[in-house]
file final-v1.cif (mmCIF, C-alpha atoms)
data_target
loop_
_atom_site.group_PDB
_atom_site.id
_atom_site.type_symbol
_atom_site.label_atom_id
_atom_site.label_comp_id
_atom_site.auth_asym_id
_atom_site.auth_seq_id
_atom_site.Cartn_x
_atom_site.Cartn_y
_atom_site.Cartn_z
ATOM 1 C CA MET A 1 19.002 -10.286 -1.775
ATOM 2 C CA SER A 2 21.704 -12.670 -2.919
ATOM 3 C CA SER A 3 22.286 -13.902 0.643
ATOM 4 C CA ALA A 4 18.652 -14.975 1.048
ATOM 5 C CA THR A 5 18.233 -18.720 0.727
ATOM 6 C CA THR A 6 15.117 -20.120 -0.894
ATOM 7 C CA LEU A 7 13.022 -23.075 0.163
ATOM 8 C CA LYS A 8 12.889 -25.746 -2.497
ATOM 9 C CA GLN A 9 11.807 -29.010 -0.889
ATOM 10 C CA ASN A 10 8.139 -29.842 -0.420
ATOM 11 C CA ALA A 11 8.843 -30.913 3.167
ATOM 12 C CA GLU A 12 10.234 -27.465 3.990
ATOM 13 C CA PHE A 13 7.030 -25.821 2.765
ATOM 14 C CA HIS A 14 4.856 -28.288 4.671
ATOM 15 C CA HIS A 15 6.848 -27.661 7.851
ATOM 16 C CA ALA A 16 6.013 -23.961 7.590
ATOM 17 C CA TYR A 17 2.354 -24.706 6.846
ATOM 18 C CA GLY A 18 1.960 -27.188 9.690
ATOM 19 C CA ARG A 19 4.151 -25.809 12.454
ATOM 20 C CA GLY A 20 4.330 -22.137 11.601
ATOM 21 C CA LYS A 21 2.279 -19.101 12.471
ATOM 22 C CA SER A 22 0.355 -17.337 9.738
ATOM 23 C CA ARG A 23 -1.115 -13.986 8.795
ATOM 24 C CA VAL A 24 -3.710 -13.492 6.082
ATOM 25 C CA SER A 25 -4.685 -10.458 4.057
ATOM 26 C CA PRO A 26 -6.530 -10.129 0.740
ATOM 27 C CA GLU A 27 -3.191 -9.621 -1.033
ATOM 28 C CA LEU A 28 -0.954 -12.209 0.629
ATOM 29 C CA VAL A 29 -0.741 -15.127 3.057
ATOM 30 C CA THR A 30 2.444 -15.392 5.130
ATOM 31 C CA TYR A 31 3.634 -18.440 7.093
ATOM 32 C CA VAL A 32 6.636 -18.287 9.427
ATOM 33 C CA ALA A 33 8.246 -21.276 11.163
ATOM 34 C CA LYS A 34 11.474 -21.474 13.118
ATOM 35 C CA ASN A 35 14.289 -23.502 11.614
ATOM 36 C CA ARG A 36 17.455 -25.026 13.040
ATOM 37 C CA GLY A 37 20.033 -22.378 12.366
ATOM 38 C CA PHE A 38 19.765 -22.061 8.602
ATOM 39 C CA GLY A 39 19.194 -18.304 8.730
ATOM 40 C CA CYS A 40 16.240 -16.557 7.185
ATOM 41 C CA ARG A 41 14.952 -18.586 4.227
ATOM 42 C CA PHE A 42 11.903 -17.926 2.085
ATOM 43 C CA GLY A 43 9.664 -19.584 -0.476
ATOM 44 C CA VAL A 44 6.880 -18.383 -2.744
ATOM 45 C CA THR A 45 3.864 -20.327 -3.992
ATOM 46 C CA ALA A 46 1.051 -19.494 -6.372
ATOM 47 C CA ALA A 47 -1.845 -21.898 -6.891
ATOM 48 C CA LYS A 48 -3.194 -22.834 -10.303
ATOM 49 C CA LYS A 49 -6.505 -21.182 -9.505
ATOM 50 C CA LEU A 50 -4.766 -17.801 -9.887
ATOM 51 C CA GLY A 51 -4.591 -18.269 -13.628
ATOM 52 C CA SER A 52 -2.155 -19.248 -16.340
ATOM 53 C CA ALA A 53 1.554 -19.828 -15.829
ATOM 54 C CA VAL A 54 2.266 -16.276 -16.961
ATOM 55 C CA GLU A 55 0.008 -14.843 -14.241
ATOM 56 C CA ARG A 56 1.388 -17.151 -11.550
ATOM 57 C CA ASN A 57 4.976 -16.281 -12.458
ATOM 58 C CA ARG A 58 4.114 -12.564 -12.342
ATOM 59 C CA CYS A 59 2.716 -13.063 -8.826
ATOM 60 C CA ARG A 60 5.938 -14.804 -7.782
ATOM 61 C CA ARG A 61 8.075 -12.014 -9.268
ATOM 62 C CA ILE A 62 6.025 -9.353 -7.456
ATOM 63 C CA ILE A 63 6.416 -11.137 -4.118
ATOM 64 C CA LYS A 64 10.151 -11.721 -4.609
ATOM 65 C CA ALA A 65 10.716 -8.072 -5.531
ATOM 66 C CA ALA A 66 8.816 -6.900 -2.447
ATOM 67 C CA PHE A 67 10.726 -9.317 -0.205
ATOM 68 C CA SER A 68 14.066 -8.092 -1.559
ATOM 69 C CA SER A 69 13.420 -4.707 0.034
ATOM 70 C CA VAL A 70 12.096 -6.191 3.291
ATOM 71 C CA TYR A 71 14.791 -8.879 3.666
ATOM 72 C CA PRO A 72 17.490 -6.658 5.259
ATOM 73 C CA MET A 73 15.124 -6.022 8.205
ATOM 74 C CA CYS A 74 14.567 -9.738 8.883
ATOM 75 C CA SER A 75 16.330 -11.348 11.806
ATOM 76 C CA GLY A 76 16.561 -14.784 13.319
ATOM 77 C CA ASN A 77 16.400 -18.305 11.986
ATOM 78 C CA CYS A 78 13.082 -18.760 10.279
ATOM 79 C CA ASP A 79 11.441 -20.168 7.184
ATOM 80 C CA ILE A 80 9.008 -17.781 5.506
ATOM 81 C CA VAL A 81 6.467 -18.931 2.937
ATOM 82 C CA PHE A 82 4.446 -16.403 0.958
ATOM 83 C CA VAL A 83 1.298 -17.566 -0.814
ATOM 84 C CA ALA A 84 -0.054 -15.397 -3.614
ATOM 85 C CA ARG A 85 -3.736 -14.559 -3.591
ATOM 86 C CA PHE A 86 -6.060 -13.342 -6.318
ATOM 87 C CA LYS A 87 -5.426 -9.647 -5.548
ATOM 88 C CA THR A 88 -1.666 -10.139 -5.888
ATOM 89 C CA LYS A 89 -2.025 -10.204 -9.677
ATOM 90 C CA LYS A 90 -3.265 -6.614 -9.725
ATOM 91 C CA LEU A 91 -0.571 -5.129 -7.466
ATOM 92 C CA LYS A 92 2.909 -3.781 -7.940
ATOM 93 C CA SER A 93 5.718 -4.831 -5.632
ATOM 94 C CA SER A 94 5.709 -1.370 -4.011
ATOM 95 C CA ASP A 95 2.049 -1.919 -3.039
ATOM 96 C CA LEU A 96 2.897 -5.251 -1.444
ATOM 97 C CA ILE A 97 5.811 -4.037 0.722
ATOM 98 C CA PRO A 98 3.663 -2.504 3.532
ATOM 99 C CA VAL A 99 1.504 -5.637 3.721
ATOM 100 C CA MET A 100 4.560 -7.878 3.847
ATOM 101 C CA ARG A 101 6.252 -5.677 6.464
ATOM 102 C CA GLN A 102 3.114 -5.724 8.636
ATOM 103 C CA HIS A 103 2.818 -9.526 8.449
ATOM 104 C CA LEU A 104 6.478 -10.085 9.292
ATOM 105 C CA THR A 105 6.348 -7.604 12.172
ATOM 106 C CA GLU A 106 3.283 -9.303 13.651
ATOM 107 C CA LEU A 107 4.984 -12.693 13.310
ATOM 108 C CA GLY A 108 8.166 -11.467 15.031
ATOM 109 C CA VAL A 109 10.545 -11.709 12.089
ATOM 110 C CA ILE A 110 11.014 -7.925 11.955
ATOM 111 C CA ARG A 111 11.629 -6.276 15.286
ATOM 112 C CA CYS A 112 9.517 -3.244 16.194
ATOM 113 C CA GLY A 113 11.131 -0.028 15.023
ATOM 114 C CA ALA A 114 13.225 -1.688 12.318
ATOM 115 C CA GLY A 115 12.866 -0.010 8.967
ATOM 116 C CA ASP A 116 10.672 2.889 10.082
ATOM 117 C CA GLY A 117 12.804 5.274 8.045
ATOM 118 C CA SER A 118 11.411 4.111 4.699
#
call {"tool": "encode", "arguments": {"input": "final-v1.cif", "output": "structure tokens"}}
result
Amino acid sequence: MSSATTLKQNAEFHHAYGRGKSRVSPELVTYVAKNRGFGCRFGVTAAKKLGSAVERNRCRRIIKAAFSSVYPMCSGNCDIVFVARFKTKKLKSSDLIPVMRQHLTELGVIRCGAGDGS
């Protein structure tokens, strides 16, 4: 996943929130917005209501680990923002991969048929 670029600026996150499409599940919220040729970039957020810093960082690590296996299937120029939810704390990254793959397929980041082998 070393070639994946992360979102760092607040404005980049707000662009995805405001202009992007979203999918919601009990485990994860996914926002996708087109960008201007920067490739596929991603960002992860976890709100303070999820718990202490240790719990929020665990949620971020789980999401990043799941995205590392989904990233090779992503295509196009888009900004992806994942928002951790309360159920994320109780999951492993392998449990989150199907949810993430479904969201990204519905949002058009993963083309139909890509990654069906795993």
call {"tool": "resolve_selection", "arguments": {"input": "final-v1.cif", "expression": "the PyMOL selection byres ((chain A and resi 100) around 8)", "output": "number ranges by chain"}}
result
A: 28, 30, 66-67, 70, 96-99, 101-104
call {"tool": "closest_residue", "arguments": {"input": "final-v1.cif", "among": "A:Lys64, A:Glu27, A:Thr105, A:Gly43", "to": "Leu91 in chain A", "atoms": "all atoms listed in the file"}}
result
A:Glu27
call {"tool": "closest_residue", "arguments": {"input": "final-v1.cif", "among": "A:Val29, A:Cys74, A:Val81, A:Leu50", "to": "Lys8 in chain A", "atoms": "only C-alpha atoms"}}
result
A:Val81
call {"tool": "closest_residue", "arguments": {"input": "final-v1.cif", "among": "A:Ala4, A:Ala33, A:Ile110, A:Cys40", "to": "Gly18 in chain A", "atoms": "all atoms listed in the file"}}
result
A:Ala33
call {"tool": "residues_around", "arguments": {"input": "final-v1.cif", "residues": "Asn35 in chain A", "least_positions_apart": "2", "cutoff": "9 Å", "atoms": "only C-alpha atoms", "output": "tab-separated table (two decimals) with C-alpha atoms, in the frame of the given file"}}
result
chain	number	residue	atom	x	y	z
A	33	ALA	CA	8.25	-21.28	11.16
A	37	GLY	CA	20.03	-22.38	12.37
A	38	PHE	CA	19.76	-22.06	8.60
A	39	GLY	CA	19.19	-18.30	8.73
A	40	CYS	CA	16.24	-16.56	7.18
A	41	ARG	CA	14.95	-18.59	4.23
A	77	ASN	CA	16.40	-18.30	11.99
A	78	CYS	CA	13.08	-18.76	10.28
A	79	ASP	CA	11.44	-20.17	7.18
call {"tool": "residues_near_point", "arguments": {"input": "final-v1.cif", "point": "(0.5, -17.9, 8.9)", "cutoff": "7 Å", "atoms": "all atoms listed in the file", "output": "PDB file with C-alpha atoms, keeping the file's coordinate frame"}}
result
ATOM      1  CA  GLY A  20       4.330 -22.137  11.601  1.00  0.00           C
ATOM      2  CA  LYS A  21       2.279 -19.101  12.471  1.00  0.00           C
ATOM      3  CA  SER A  22       0.355 -17.337   9.738  1.00  0.00           C
ATOM      4  CA  ARG A  23      -1.115 -13.986   8.795  1.00  0.00           C
ATOM      5  CA  VAL A  24      -3.710 -13.492   6.082  1.00  0.00           C
ATOM      6  CA  VAL A  29      -0.741 -15.127   3.057  1.00  0.00           C
ATOM      7  CA  THR A  30       2.444 -15.392   5.130  1.00  0.00           C
ATOM      8  CA  TYR A  31       3.634 -18.440   7.093  1.00  0.00           C
ATOM      9  CA  VAL A  32       6.636 -18.287   9.427  1.00  0.00           C
TER      10      VAL A  32
END
call {"tool": "closest_residue", "arguments": {"input": "final-v1.cif", "among": "A:Val44, A:Cys59, A:Ala65, A:Ile80", "to": "Ala16 in chain A", "atoms": "all atoms listed in the file"}}
result
A:Ile80
call {"tool": "atom_distance", "arguments": {"input": "final-v1.cif", "atom1": "CA of Lys48 in chain A", "atom2": "CA of Ala84 in chain A"}}
result
10.5 Å
call {"tool": "atom_distance", "arguments": {"input": "final-v1.cif", "atom1": "CA of Ala53 in chain A", "atom2": "CA of Pro26 in chain A"}}
result
20.8 Å
call {"tool": "closest_residue", "arguments": {"input": "final-v1.cif", "among": "A:Lys92, A:His15, A:Lys49, A:Arg85", "to": "Arg61 in chain A", "atoms": "all atoms listed in the file"}}
result
A:Lys92
call {"tool": "atom_distance", "arguments": {"input": "final-v1.cif", "atom1": "CA of Val109 in chain A", "atom2": "CA of Lys87 in chain A"}}
result
23.9 Å
call {"tool": "decode", "arguments": {"input": "final-v1.cif", "residues": "chain A", "atoms": "C-alpha atoms", "output": "PDB file, in the first residue's frame"}}
result
ATOM      1  CA  MET A   1       0.000   0.000   0.000  1.00  0.00           C
ATOM      2  CA  SER A   2       3.018   2.271  -0.172  1.00  0.00           C
ATOM      3  CA  SER A   3       1.746   3.910  -3.371  1.00  0.00           C
ATOM      4  CA  ALA A   4      -1.523   4.977  -1.730  1.00  0.00           C
ATOM      5  CA  THR A   5      -1.535   8.655  -0.849  1.00  0.00           C
ATOM      6  CA  THR A   6      -3.303   9.821   2.282  1.00  0.00           C
ATOM      7  CA  LEU A   7      -5.498  12.852   2.773  1.00  0.00           C
ATOM      8  CA  LYS A   8      -4.116  15.199   5.382  1.00  0.00           C
ATOM      9  CA  GLN A   9      -5.710  18.612   4.914  1.00  0.00           C
ATOM     10  CA  ASN A  10      -9.053  19.446   6.494  1.00  0.00           C
ATOM     11  CA  ALA A  11     -10.241  20.930   3.193  1.00  0.00           C
ATOM     12  CA  GLU A  12      -9.639  17.616   1.415  1.00  0.00           C
ATOM     13  CA  PHE A  13     -11.834  15.803   3.938  1.00  0.00           C
ATOM     14  CA  HIS A  14     -14.555  18.445   3.697  1.00  0.00           C
ATOM     15  CA  HIS A  15     -14.513  18.211  -0.101  1.00  0.00           C
ATOM     16  CA  ALA A  16     -15.274  14.495   0.166  1.00  0.00           C
ATOM     17  CA  TYR A  17     -17.990  15.105   2.764  1.00  0.00           C
ATOM     18  CA  GLY A  18     -19.668  17.891   0.808  1.00  0.00           C
ATOM     19  CA  ARG A  19     -19.278  16.865  -2.817  1.00  0.00           C
ATOM     20  CA  GLY A  20     -18.865  13.121  -2.567  1.00  0.00           C
ATOM     21  CA  LYS A  21     -21.215  10.180  -2.566  1.00  0.00           C
ATOM     22  CA  SER A  22     -21.545   8.091   0.565  1.00  0.00           C
ATOM     23  CA  ARG A  23     -22.483   4.636   1.776  1.00  0.00           C
ATOM     24  CA  VAL A  24     -23.336   3.802   5.370  1.00  0.00           C
ATOM     25  CA  SER A  25     -23.278   0.544   7.277  1.00  0.00           C
ATOM     26  CA  PRO A  26     -23.171  -0.185  11.015  1.00  0.00           C
ATOM     27  CA  GLU A  27     -19.424  -0.851  10.748  1.00  0.00           C
ATOM     28  CA  LEU A  28     -18.236   1.938   8.451  1.00  0.00           C
ATOM     29  CA  VAL A  29     -19.159   5.118   6.581  1.00  0.00           C
ATOM     30  CA  THR A  30     -17.483   5.657   3.204  1.00  0.00           C
ATOM     31  CA  TYR A  31     -17.324   8.924   1.239  1.00  0.00           C
ATOM     32  CA  VAL A  32     -15.959   9.077  -2.310  1.00  0.00           C
ATOM     33  CA  ALA A  33     -15.327  12.265  -4.305  1.00  0.00           C
ATOM     34  CA  LYS A  34     -13.556  12.725  -7.611  1.00  0.00           C
ATOM     35  CA  ASN A  35     -10.274  14.603  -7.573  1.00  0.00           C
ATOM     36  CA  ARG A  36      -8.220  16.319 -10.259  1.00  0.00           C
ATOM     37  CA  GLY A  37      -5.794  13.644 -11.293  1.00  0.00           C
ATOM     38  CA  PHE A  38      -4.106  12.895  -7.987  1.00  0.00           C
ATOM     39  CA  GLY A  39      -4.842   9.171  -8.194  1.00  0.00           C
ATOM     40  CA  CYS A  40      -6.664   7.221  -5.539  1.00  0.00           C
ATOM     41  CA  ARG A  41      -6.150   8.882  -2.148  1.00  0.00           C
ATOM     42  CA  PHE A  42      -7.693   7.944   1.178  1.00  0.00           C
ATOM     43  CA  GLY A  43      -8.215   9.269   4.683  1.00  0.00           C
ATOM     44  CA  VAL A  44      -9.494   7.782   7.923  1.00  0.00           C
ATOM     45  CA  THR A  45     -11.342   9.532  10.742  1.00  0.00           C
ATOM     46  CA  ALA A  46     -12.569   8.398  14.131  1.00  0.00           C
ATOM     47  CA  ALA A  47     -14.667  10.690  16.316  1.00  0.00           C
ATOM     48  CA  LYS A  48     -14.025  11.212  20.011  1.00  0.00           C
ATOM     49  CA  LYS A  49     -17.351   9.622  20.868  1.00  0.00           C
ATOM     50  CA  LEU A  50     -15.829   6.241  19.943  1.00  0.00           C
ATOM     51  CA  GLY A  51     -13.734   6.280  23.083  1.00  0.00           C
ATOM     52  CA  SER A  52     -10.207   6.972  24.234  1.00  0.00           C
ATOM     53  CA  ALA A  53      -7.264   7.653  21.947  1.00  0.00           C
ATOM     54  CA  VAL A  54      -6.245   4.004  22.172  1.00  0.00           C
ATOM     55  CA  GLU A  55      -9.646   2.864  20.873  1.00  0.00           C
ATOM     56  CA  ARG A  56      -9.735   5.482  18.115  1.00  0.00           C
ATOM     57  CA  ASN A  57      -6.236   4.558  16.945  1.00  0.00           C
ATOM     58  CA  ARG A  58      -7.215   0.868  16.903  1.00  0.00           C
ATOM     59  CA  CYS A  59     -10.194   1.750  14.686  1.00  0.00           C
ATOM     60  CA  ARG A  60      -7.885   3.638  12.319  1.00  0.00           C
ATOM     61  CA  ARG A  61      -5.427   0.723  12.189  1.00  0.00           C
ATOM     62  CA  ILE A  62      -8.244  -1.738  11.427  1.00  0.00           C
ATOM     63  CA  ILE A  63      -9.537   0.421   8.574  1.00  0.00           C
ATOM     64  CA  LYS A  64      -6.057   0.991   7.126  1.00  0.00           C
ATOM     65  CA  ALA A  65      -5.275  -2.732   7.237  1.00  0.00           C
ATOM     66  CA  ALA A  66      -8.544  -3.566   5.472  1.00  0.00           C
ATOM     67  CA  PHE A  67      -7.943  -0.885   2.833  1.00  0.00           C
ATOM     68  CA  SER A  68      -4.446  -2.216   2.133  1.00  0.00           C
ATOM     69  CA  SER A  69      -5.982  -5.403   0.758  1.00  0.00           C
ATOM     70  CA  VAL A  70      -8.717  -3.573  -1.173  1.00  0.00           C
ATOM     71  CA  TYR A  71      -6.471  -0.826  -2.601  1.00  0.00           C
ATOM     72  CA  PRO A  72      -5.084  -2.817  -5.580  1.00  0.00           C
ATOM     73  CA  MET A  73      -8.655  -3.141  -6.931  1.00  0.00           C
ATOM     74  CA  CYS A  74      -9.301   0.621  -6.832  1.00  0.00           C
ATOM     75  CA  SER A  75      -9.214   2.577 -10.059  1.00  0.00           C
ATOM     76  CA  GLY A  76      -9.627   6.166 -11.105  1.00  0.00           C
ATOM     77  CA  ASN A  77      -8.908   9.509  -9.521  1.00  0.00           C
ATOM     78  CA  CYS A  78     -10.852   9.724  -6.311  1.00  0.00           C
ATOM     79  CA  ASP A  79     -10.600  10.748  -2.685  1.00  0.00           C
ATOM     80  CA  ILE A  80     -11.937   8.155  -0.253  1.00  0.00           C
ATOM     81  CA  VAL A  81     -12.739   8.972   3.362  1.00  0.00           C
ATOM     82  CA  PHE A  82     -13.576   6.209   5.823  1.00  0.00           C
ATOM     83  CA  VAL A  83     -15.306   7.122   9.076  1.00  0.00           C
ATOM     84  CA  ALA A  84     -15.131   4.630  11.927  1.00  0.00           C
ATOM     85  CA  ARG A  85     -18.338   3.755  13.719  1.00  0.00           C
ATOM     86  CA  PHE A  86     -18.986   2.204  17.110  1.00  0.00           C
ATOM     87  CA  LYS A  87     -19.018  -1.369  15.742  1.00  0.00           C
ATOM     88  CA  THR A  88     -15.599  -0.873  14.143  1.00  0.00           C
ATOM     89  CA  LYS A  89     -13.957  -1.247  17.557  1.00  0.00           C
ATOM     90  CA  LYS A  90     -15.168  -4.834  17.862  1.00  0.00           C
ATOM     91  CA  LEU A  91     -14.093  -6.017  14.397  1.00  0.00           C
ATOM     92  CA  LYS A  92     -10.934  -7.367  12.864  1.00  0.00           C
ATOM     93  CA  SER A  93      -9.662  -6.025   9.562  1.00  0.00           C
ATOM     94  CA  SER A  94     -10.671  -9.278   7.827  1.00  0.00           C
ATOM     95  CA  ASP A  95     -14.279  -8.666   8.946  1.00  0.00           C
ATOM     96  CA  LEU A  96     -14.210  -5.163   7.500  1.00  0.00           C
ATOM     97  CA  ILE A  97     -12.885  -6.085   4.028  1.00  0.00           C
ATOM     98  CA  PRO A  98     -16.243  -7.313   2.587  1.00  0.00           C
ATOM     99  CA  VAL A  99     -18.038  -4.205   3.868  1.00  0.00           C
ATOM    100  CA  MET A 100     -15.376  -1.927   2.418  1.00  0.00           C
ATOM    101  CA  ARG A 101     -15.378  -3.793  -0.911  1.00  0.00           C
ATOM    102  CA  GLN A 102     -19.179  -3.537  -1.133  1.00  0.00           C
ATOM    103  CA  HIS A 103     -19.153   0.215  -0.425  1.00  0.00           C
ATOM    104  CA  LEU A 104     -16.423   0.912  -2.971  1.00  0.00           C
ATOM    105  CA  THR A 105     -18.134  -1.224  -5.612  1.00  0.00           C
ATOM    106  CA  GLU A 106     -21.437   0.595  -5.111  1.00  0.00           C
ATOM    107  CA  LEU A 107     -19.640   3.944  -5.344  1.00  0.00           C
ATOM    108  CA  GLY A 108     -17.858   2.963  -8.577  1.00  0.00           C
ATOM    109  CA  VAL A 109     -14.297   2.896  -7.278  1.00  0.00           C
ATOM    110  CA  ILE A 110     -14.010  -0.872  -7.801  1.00  0.00           C
ATOM    111  CA  ARG A 111     -15.275  -2.121 -11.123  1.00  0.00           C
ATOM    112  CA  CYS A 112     -17.696  -5.055 -11.122  1.00  0.00           C
ATOM    113  CA  GLY A 113     -15.869  -8.364 -11.295  1.00  0.00           C
ATOM    114  CA  ALA A 114     -12.605  -6.998  -9.902  1.00  0.00           C
ATOM    115  CA  GLY A 115     -11.272  -9.054  -7.042  1.00  0.00           C
ATOM    116  CA  ASP A 116     -13.865 -11.833  -7.161  1.00  0.00           C
ATOM    117  CA  GLY A 117     -11.109 -14.409  -6.779  1.00  0.00           C
ATOM    118  CA  SER A 118     -10.526 -13.654  -3.093  1.00  0.00           C
TER     119      SER A 118
END
